[in-house]
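Trainee: Just one file: model-v9.pdb, with PDB, C-alpha atoms, pLDDT in the B column.
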ATOM      1  CA  MET A 100      68.197 -56.340  81.205  1.00 84.00           C
ATOM      2  CA  ALA A 101      66.086 -55.277  84.201  1.00 84.00           C
ATOM      3  CA  SER A 102      64.105 -58.517  84.286  1.00 86.00           C
ATOM      4  CA  ALA A 103      67.320 -60.579  84.434  1.00 88.00           C
ATOM      5  CA  LEU A 104      69.024 -58.379  87.008  1.00 88.00           C
ATOM      6  CA  GLN A 105      66.466 -58.443  89.785  1.00 88.00           C
ATOM      7  CA  GLY A 106      67.463 -58.373  93.418  1.00 89.00           C
ATOM      8  CA  PRO A 107      68.126 -55.954  96.238  1.00 93.00           C
ATOM      9  CA  PHE A 108      68.928 -52.336  95.363  1.00 93.00           C
ATOM     10  CA  TRP A 109      72.595 -52.641  96.351  1.00 94.00           C
ATOM     11  CA  LYS A 110      73.089 -55.613  94.026  1.00 91.00           C
ATOM     12  CA  ARG A 111      71.357 -53.934  91.076  1.00 90.00           C
ATOM     13  CA  ALA A 112      73.434 -50.776  91.718  1.00 92.00           C
ATOM     14  CA  LEU A 113      76.617 -52.852  91.671  1.00 91.00           C
ATOM     15  CA  TRP A 114      75.612 -54.745  88.512  1.00 91.00           C
ATOM     16  CA  SER A 115      74.668 -51.500  86.760  1.00 90.00           C
ATOM     17  CA  GLN A 116      78.361 -50.551  86.756  1.00 91.00           C
ATOM     18  CA  LEU A 117      78.853 -53.235  84.083  1.00 92.00           C
ATOM     19  CA  MET A 118      76.181 -51.784  81.738  1.00 91.00           C
ATOM     20  CA  ILE A 119      78.003 -51.285  78.436  1.00 89.00           C
ATOM     21  CA  ASP A 120      77.207 -52.258  74.844  1.00 86.00           C
ATOM     22  CA  GLU A 121      79.036 -55.576  75.017  1.00 88.00           C
ATOM     23  CA  THR A 122      77.474 -56.831  78.263  1.00 91.00           C
ATOM     24  CA  THR A 123      74.005 -55.831  77.150  1.00 89.00           C
ATOM     25  CA  ALA A 124      74.422 -57.481  73.736  1.00 88.00           C
ATOM     26  CA  VAL A 125      75.612 -60.786  75.204  1.00 90.00           C
ATOM     27  CA  GLY A 126      72.946 -60.780  77.909  1.00 91.00           C
ATOM     28  CA  ALA A 127      70.118 -59.840  75.542  1.00 87.00           C
ATOM     29  CA  ALA A 128      71.091 -62.616  73.133  1.00 86.00           C
ATOM     30  CA  GLN A 129      70.093 -65.254  75.714  1.00 89.00           C
ATOM     31  CA  THR A 130      66.513 -66.513  75.883  1.00 87.00           C
ATOM     32  CA  GLU A 131      66.384 -67.623  79.531  1.00 92.00           C
ATOM     33  CA  LEU A 132      66.642 -65.098  82.359  1.00 90.00           C
ATOM     34  CA  ARG A 133      69.333 -66.994  84.251  1.00 91.00           C
ATOM     35  CA  TRP A 134      71.514 -67.143  81.115  1.00 94.00           C
ATOM     36  CA  ARG A 135      70.845 -63.462  80.447  1.00 93.00           C
ATOM     37  CA  ARG A 136      72.234 -62.634  83.900  1.00 93.00           C
ATOM     38  CA  TYR A 137      75.145 -65.068  83.453  1.00 94.00           C
ATOM     39  CA  GLY A 138      76.068 -63.647  80.022  1.00 94.00           C
ATOM     40  CA  TYR A 139      75.794 -60.083  81.275  1.00 95.00           C
ATOM     41  CA  LEU A 140      77.873 -60.640  84.414  1.00 94.00           C
ATOM     42  CA  CYS A 141      80.550 -62.855  82.820  1.00 95.00           C
ATOM     43  CA  THR A 142      81.001 -60.486  79.902  1.00 94.00           C
ATOM     44  CA  GLY A 143      81.138 -57.534  82.299  1.00 94.00           C
ATOM     45  CA  ALA A 144      83.791 -59.175  84.470  1.00 95.00           C
ATOM     46  CA  PHE A 145      85.875 -60.161  81.441  1.00 95.00           C
ATOM     47  CA  VAL A 146      85.674 -56.723  79.823  1.00 93.00           C
ATOM     48  CA  PHE A 147      86.511 -55.018  83.135  1.00 94.00           C
ATOM     49  CA  VAL A 148      89.657 -57.113  83.613  1.00 95.00           C
ATOM     50  CA  ALA A 149      90.717 -57.029  79.945  1.00 93.00           C
ATOM     51  CA  TRP A 150      90.101 -53.277  79.573  1.00 91.00           C
ATOM     52  CA  ASN A 151      92.053 -52.327  82.679  1.00 94.00           C
ATOM     53  CA  THR A 152      94.886 -54.758  81.961  1.00 95.00           C
ATOM     54  CA  SER A 153      95.267 -53.569  78.368  1.00 89.00           C
ATOM     55  CA  THR A 154      95.142 -49.934  79.498  1.00 89.00           C
ATOM     56  CA  LEU A 155      97.920 -50.583  82.003  1.00 93.00           C
ATOM     57  CA  VAL A 156     100.044 -52.457  79.448  1.00 89.00           C
ATOM     58  CA  GLY A 157      99.388 -49.788  76.817  1.00 82.00           C
ATOM     59  CA  ALA A 158     100.382 -46.968  79.136  1.00 84.00           C
ATOM     60  CA  ALA A 159     103.486 -48.769  80.410  1.00 85.00           C
ATOM     61  CA  VAL A 160     104.775 -50.404  77.232  1.00 81.00           C
ATOM     62  CA  LEU A 161     103.278 -48.653  74.220  1.00 77.00           C
ATOM     63  CA  SER A 162     103.090 -44.993  75.290  1.00 74.00           C
ATOM     64  CA  SER A 163     106.011 -43.990  73.072  1.00 74.00           C
ATOM     65  CA  THR A 164     104.649 -45.548  69.866  1.00 74.00           C
ATOM     66  CA  GLY A 165     102.955 -42.333  68.708  1.00 72.00           C
ATOM     67  CA  SER A 166     100.960 -43.253  65.597  1.00 77.00           C
ATOM     68  CA  LEU A 167     100.449 -46.963  66.324  1.00 75.00           C
ATOM     69  CA  VAL A 168      96.652 -46.650  66.119  1.00 74.00           C
ATOM     70  CA  VAL A 169      96.710 -45.091  62.648  1.00 76.00           C
ATOM     71  CA  ASP A 170      99.658 -47.141  61.346  1.00 79.00           C
ATOM     72  CA  TRP A 171      98.039 -50.456  62.264  1.00 79.00           C
ATOM     73  CA  GLY A 172      94.494 -49.375  61.427  1.00 78.00           C
ATOM     74  CA  LEU A 173      93.307 -49.939  64.989  1.00 75.00           C
ATOM     75  CA  ASP A 174      90.827 -47.088  64.626  1.00 73.00           C
ATOM     76  CA  ALA A 175      88.697 -49.456  62.499  1.00 77.00           C
ATOM     77  CA  THR A 176      88.189 -51.806  65.457  1.00 80.00           C
ATOM     78  CA  ILE A 177      85.546 -49.605  67.095  1.00 77.00           C
ATOM     79  CA  PRO A 178      83.094 -49.623  64.157  1.00 78.00           C
ATOM     80  CA  ALA A 179      83.840 -53.328  63.612  1.00 82.00           C
ATOM     81  CA  ALA A 180      82.999 -54.111  67.241  1.00 81.00           C
ATOM     82  CA  PHE A 181      79.721 -52.202  67.015  1.00 79.00           C
ATOM     83  CA  LEU A 182      78.823 -54.009  63.799  1.00 81.00           C
ATOM     84  CA  ALA A 183      79.513 -57.350  65.508  1.00 82.00           C
ATOM     85  CA  LEU A 184      77.181 -56.350  68.360  1.00 80.00           C
ATOM     86  CA  LEU A 185      74.489 -55.173  65.955  1.00 80.00           C
ATOM     87  CA  TRP A 186      74.608 -58.053  63.487  1.00 84.00           C
ATOM     88  CA  PRO A 187      72.510 -60.639  65.424  1.00 81.00           C
ATOM     89  CA  ARG A 188      69.755 -58.038  65.892  1.00 79.00           C
ATOM     90  CA  LEU A 189      69.323 -57.612  62.148  1.00 84.00           C
ATOM     91  CA  ARG A 190      67.212 -60.774  61.867  1.00 84.00           C
ATOM     92  CA  ASP A 191      64.118 -58.722  62.729  1.00 83.00           C
ATOM     93  CA  ALA A 192      62.642 -56.441  60.023  1.00 85.00           C
ATOM     94  CA  GLY A 193      61.911 -53.668  62.524  1.00 81.00           C
ATOM     95  CA  GLN A 194      65.506 -53.761  63.758  1.00 83.00           C
ATOM     96  CA  ARG A 195      66.798 -53.621  60.163  1.00 86.00           C
ATOM     97  CA  ARG A 196      64.515 -50.658  59.434  1.00 85.00           C
ATOM     98  CA  THR A 197      65.804 -48.870  62.544  1.00 85.00           C
ATOM     99  CA  ALA A 198      69.466 -49.535  61.677  1.00 84.00           C
ATOM    100  CA  ALA A 199      69.001 -48.432  58.066  1.00 86.00           C
ATOM    101  CA  ALA A 200      67.219 -45.216  59.053  1.00 87.00           C
ATOM    102  CA  GLY A 201      69.954 -44.360  61.549  1.00 87.00           C
ATOM    103  CA  ALA A 202      72.729 -45.140  59.071  1.00 87.00           C
ATOM    104  CA  LEU A 203      71.131 -43.090  56.286  1.00 90.00           C
ATOM    105  CA  LEU A 204      70.590 -40.148  58.616  1.00 89.00           C
ATOM    106  CA  ALA A 205      74.206 -40.255  59.814  1.00 89.00           C
ATOM    107  CA  ILE A 206      75.592 -40.539  56.277  1.00 92.00           C
ATOM    108  CA  ALA A 207      73.414 -37.637  55.083  1.00 93.00           C
ATOM    109  CA  LEU A 208      74.630 -35.371  57.911  1.00 93.00           C
ATOM    110  CA  VAL A 209      78.375 -36.109  57.657  1.00 92.00           C
ATOM    111  CA  PRO A 210      79.172 -33.437  55.054  1.00 93.00           C
ATOM    112  CA  TYR A 211      77.136 -30.727  56.789  1.00 94.00           C
ATOM    113  CA  THR A 212      77.629 -31.102  60.550  1.00 93.00           C
ATOM    114  CA  PRO A 213      80.525 -31.168  63.020  1.00 92.00           C
ATOM    115  CA  ALA A 214      82.048 -34.519  64.004  1.00 88.00           C
ATOM    116  CA  GLY A 215      79.894 -36.515  66.402  1.00 86.00           C
ATOM    117  CA  ILE A 216      76.568 -34.922  65.446  1.00 90.00           C
ATOM    118  CA  PRO A 217      75.739 -37.527  62.756  1.00 89.00           C
ATOM    119  CA  ILE A 218      76.179 -40.351  65.288  1.00 84.00           C
ATOM    120  CA  LEU A 219      73.984 -38.615  67.856  1.00 86.00           C
ATOM    121  CA  ALA A 220      71.345 -37.840  65.219  1.00 86.00           C
ATOM    122  CA  ALA A 221      71.392 -41.476  64.066  1.00 86.00           C
ATOM    123  CA  GLY A 222      69.593 -42.277  67.290  1.00 81.00           C
ATOM    124  CA  LEU A 223      66.535 -40.688  65.699  1.00 80.00           C
ATOM    125  CA  GLY A 224      66.459 -43.768  63.453  1.00 77.00           C
ATOM    126  CA  VAL A 225      64.693 -45.483  66.345  1.00 77.00           C
ATOM    127  CA  ALA A 226      61.520 -43.733  65.177  1.00 75.00           C
ATOM    128  CA  ALA A 227      61.545 -46.005  62.116  1.00 68.00           C
ATOM    129  CA  GLY A 228      61.162 -49.034  64.369  1.00 63.00           C
ATOM    130  CA  TRP A 229      58.305 -47.616  66.468  1.00 64.00           C
ATOM    131  CA  ARG A 230      55.667 -48.450  63.897  1.00 58.00           C
ATOM    132  CA  ALA A 231      56.671 -52.117  63.824  1.00 52.00           C
ATOM    133  CA  ARG A 232      56.782 -52.310  67.655  1.00 55.00           C
ATOM    134  CA  GLY A 233      53.347 -50.696  67.979  1.00 51.00           C
ATOM    135  CA  SER A 234      51.605 -53.688  66.389  1.00 45.00           C
ATOM    136  CA  ARG A 235      53.131 -56.233  68.800  1.00 47.00           C
ATOM    137  CA  PRO A 236      51.688 -57.061  72.183  1.00 39.00           C
ATOM    138  CA  GLY A 237      53.691 -55.781  75.134  1.00 40.00           C
ATOM    139  CA  PRO A 238      55.239 -57.882  77.900  1.00 42.00           C
ATOM    140  CA  GLY A 239      52.757 -60.122  79.648  1.00 38.00           C
ATOM    141  CA  HIS A 240      50.220 -59.985  76.796  1.00 35.00           C
ATOM    142  CA  GLU A 241      51.531 -62.757  74.581  1.00 38.00           C
ATOM    143  CA  PRO A 242      50.549 -66.404  75.043  1.00 38.00           C
ATOM    144  CA  GLY A 243      52.358 -67.836  78.038  1.00 38.00           C
ATOM    145  CA  GLY A 244      52.560 -64.460  79.805  1.00 38.00           C
ATOM    146  CA  GLY A 245      56.367 -64.231  79.679  1.00 43.00           C
ATOM    147  CA  ASP A 246      58.442 -61.128  79.165  1.00 46.00           C
ATOM    148  CA  GLU A 247      59.462 -60.136  75.670  1.00 47.00           C
ATOM    149  CA  ASP A 248      62.892 -59.018  74.560  1.00 50.00           C
ATOM    150  CA  PRO A 249      63.422 -56.185  72.031  1.00 49.00           C
ATOM    151  CA  THR A 250      63.306 -58.608  69.078  1.00 48.00           C
ATOM    152  CA  GLY A 251      59.850 -59.841  70.073  1.00 49.00           C
ATOM    153  CA  ARG A 252      60.970 -63.284  71.306  1.00 50.00           C
ATOM    154  CA  GLU A 253      59.323 -64.525  74.478  1.00 48.00           C
ATOM    155  CA  LEU A 254      61.752 -65.101  77.319  1.00 48.00           C
ATOM    156  CA  ARG A 255      61.495 -68.473  79.032  1.00 49.00           C
ATOM    157  CA  GLY A 256      61.643 -68.318  82.785  1.00 48.00           C
ATOM    158  CA  ALA A 257      60.255 -64.781  82.993  1.00 46.00           C
ATOM    159  CA  PRO A 258      57.837 -64.036  85.809  1.00 45.00           C
ATOM    160  CA  ALA A 259      54.188 -64.247  84.781  1.00 38.00           C
TER
END
In structure tokens, how does this file's structure come out?
Mentor:
Amino acid sequence: MASALQGPFWKRALWSQLMIDETTAVGAAQTELRWRRYGYLCTGAFVFVAWNTSTLVGAAVLSSTGSLVVDWGLDATIPAAFLALLWPRLRDAGQRRTAAAGALLAIALVPYTPAGIPILAAGLGVAAGWRARGSRPGPGHEPGGGDEDPTGRELRGAPA
């Protein structure tokens, strides 16, 4: 996101407060820098307002519901949201290889490690994607001299 969020230090510091999975996913899905910034900032503003409003409503209205999360199956929304963020990235073979390696590692560790460790270890699945990334030219080396996003697509409007 750094190439789309250029500007003075104070502005980048302010924008960095919106850096979460959702804002990064929406911003990274755009091919032009101005739309990357727009997607990132709009998503960040929406999530900030929605998160704080729903927290306030939940604390004020639903605090006595006890097992609402389990009864309604709301605990499944977190993995579903992450899958929705990940899904568009799975068009690239290197991204699929990375996701599969991370998932297999996490599944293999579940029976043997404390909760949370399999998810942290799944990050090691990134090593599976390194080989595919190593054969691609880096930013500024592809025809046209534009930046490249993590899926290998050239970004229009990137500085040369």
Trainee: Pick the closest to Tyr139 in chain A from A:Ala214, A:Leu184, A:Ala124, A:Leu167: which is it, counting all atoms listed in the file?
Mentor: A:Ala124
Trainee: Could you please give me, as an mmCIF file with C-alpha atoms, in the frame of the given file, the residues of protein, DNA or RNA lying at most 12 Å from (76.5, -37.5, 67.4) in the coordinate frame of the file, considering only C-alpha atoms?
Mentor:
data_model
loop_
_atom_site.group_PDB
_atom_site.id
_atom_site.type_symbol
_atom_site.label_atom_id
_atom_site.label_comp_id
_atom_site.auth_asym_id
_atom_site.auth_seq_id
_atom_site.Cartn_x
_atom_site.Cartn_y
_atom_site.Cartn_z
ATOM 1 C CA GLY A 201 69.954 -44.360 61.549
ATOM 2 C CA ALA A 202 72.729 -45.140 59.071
ATOM 3 C CA LEU A 204 70.590 -40.148 58.616
ATOM 4 C CA ALA A 205 74.206 -40.255 59.814
ATOM 5 C CA ILE A 206 75.592 -40.539 56.277
ATOM 6 C CA LEU A 208 74.630 -35.371 57.911
ATOM 7 C CA VAL A 209 78.375 -36.109 57.657
ATOM 8 C CA THR A 212 77.629 -31.102 60.550
ATOM 9 C CA PRO A 213 80.525 -31.168 63.020
ATOM 10 C CA ALA A 214 82.048 -34.519 64.004
ATOM 11 C CA GLY A 215 79.894 -36.515 66.402
ATOM 12 C CA ILE A 216 76.568 -34.922 65.446
ATOM 13 C CA PRO A 217 75.739 -37.527 62.756
ATOM 14 C CA ILE A 218 76.179 -40.351 65.288
ATOM 15 C CA LEU A 219 73.984 -38.615 67.856
ATOM 16 C CA ALA A 220 71.345 -37.840 65.219
ATOM 17 C CA ALA A 221 71.392 -41.476 64.066
ATOM 18 C CA GLY A 222 69.593 -42.277 67.290
ATOM 19 C CA LEU A 223 66.535 -40.688 65.699
#
Trainee: May I ask for the distance between CA of Leu104 in chain A and CA of Arg136 in chain A, given in Å to one decimal place?
Mentor: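 Straight-line distance from CA of Leu104 in chain A to CA of Arg136 in chain A works out to 6.2 Å.
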Trainee: Could you check the closest approach to Phe145 in chain A for each of A:Ala127, A:Asp170, A:Leu117, A:Ala158 and tell me which residue wins, using only C-alpha atoms?
Mentor: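 The shortest atom-to-atom distance to Phe145 in chain A comes from A:Leu117.
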Trainee: Applying the PyMOL selection byres ((chain A and resi 135) around 12) to the file I just gave you, which residues come out? Please list them as a PDB file with C-alpha atoms, in the coordinates of the input.
Mentor:
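So out04.pdb came out as:
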ATOM      1  CA  MET A 100      68.197 -56.340  81.205  1.00 84.00           C
ATOM      2  CA  ALA A 101      66.086 -55.277  84.201  1.00 84.00           C
ATOM      3  CA  SER A 102      64.105 -58.517  84.286  1.00 86.00           C
ATOM      4  CA  ALA A 103      67.320 -60.579  84.434  1.00 88.00           C
ATOM      5  CA  LEU A 104      69.024 -58.379  87.008  1.00 88.00           C
ATOM      6  CA  GLN A 105      66.466 -58.443  89.785  1.00 88.00           C
ATOM      7  CA  THR A 122      77.474 -56.831  78.263  1.00 91.00           C
ATOM      8  CA  THR A 123      74.005 -55.831  77.150  1.00 89.00           C
ATOM      9  CA  ALA A 124      74.422 -57.481  73.736  1.00 88.00           C
ATOM     10  CA  VAL A 125      75.612 -60.786  75.204  1.00 90.00           C
ATOM     11  CA  GLY A 126      72.946 -60.780  77.909  1.00 91.00           C
ATOM     12  CA  ALA A 127      70.118 -59.840  75.542  1.00 87.00           C
ATOM     13  CA  ALA A 128      71.091 -62.616  73.133  1.00 86.00           C
ATOM     14  CA  GLN A 129      70.093 -65.254  75.714  1.00 89.00           C
ATOM     15  CA  THR A 130      66.513 -66.513  75.883  1.00 87.00           C
ATOM     16  CA  GLU A 131      66.384 -67.623  79.531  1.00 92.00           C
ATOM     17  CA  LEU A 132      66.642 -65.098  82.359  1.00 90.00           C
ATOM     18  CA  ARG A 133      69.333 -66.994  84.251  1.00 91.00           C
ATOM     19  CA  TRP A 134      71.514 -67.143  81.115  1.00 94.00           C
ATOM     20  CA  ARG A 136      72.234 -62.634  83.900  1.00 93.00           C
ATOM     21  CA  TYR A 137      75.145 -65.068  83.453  1.00 94.00           C
ATOM     22  CA  GLY A 138      76.068 -63.647  80.022  1.00 94.00           C
ATOM     23  CA  TYR A 139      75.794 -60.083  81.275  1.00 95.00           C
ATOM     24  CA  LEU A 140      77.873 -60.640  84.414  1.00 94.00           C
ATOM     25  CA  CYS A 141      80.550 -62.855  82.820  1.00 95.00           C
ATOM     26  CA  THR A 142      81.001 -60.486  79.902  1.00 94.00           C
ATOM     27  CA  ASP A 248      62.892 -59.018  74.560  1.00 50.00           C
ATOM     28  CA  LEU A 254      61.752 -65.101  77.319  1.00 48.00           C
ATOM     29  CA  ARG A 255      61.495 -68.473  79.032  1.00 49.00           C
ATOM     30  CA  GLY A 256      61.643 -68.318  82.785  1.00 48.00           C
ATOM     31  CA  ALA A 257      60.255 -64.781  82.993  1.00 46.00           C
TER      32      ALA A 257
END
Trainee: Please measure the separation of CA of Ala112 in chain A and CA of Asn151 in chain A, giving the value in Å to one decimal.
Mentor: 20.8 Å
Trainee: How far is it from CA of Gln194 in chain A to CA of Asp120 in chain A, in Å with one decimal?
Mentor: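 Computing the Euclidean distance for CA of Gln194 in chain A and CA of Asp120 in chain A yields 16.2 Å.
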Trainee: Take every atom of range 108-118 of chain A listed in the file, pad by 4 Å on each side, and give me the axis-aligned box centre and edge lengths in Å, one decimal, as lines of an AutoDock Vina configuration file.
Mentor:
center_x = 73.9
center_y = -53.1
center_z = 89.0
size_x = 17.9
size_y = 13.1
size_z = 22.6
Trainee: Please determine, counting all atoms listed in the file, which residue among A:Ala200, A:Tyr211, A:Ala183, A:Ala159 has the shortest atom-to-atom distance to Val225 in chain A.
Mentor: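 Among the listed residues, the smallest separation from Val225 in chain A belongs to A:Ala200.
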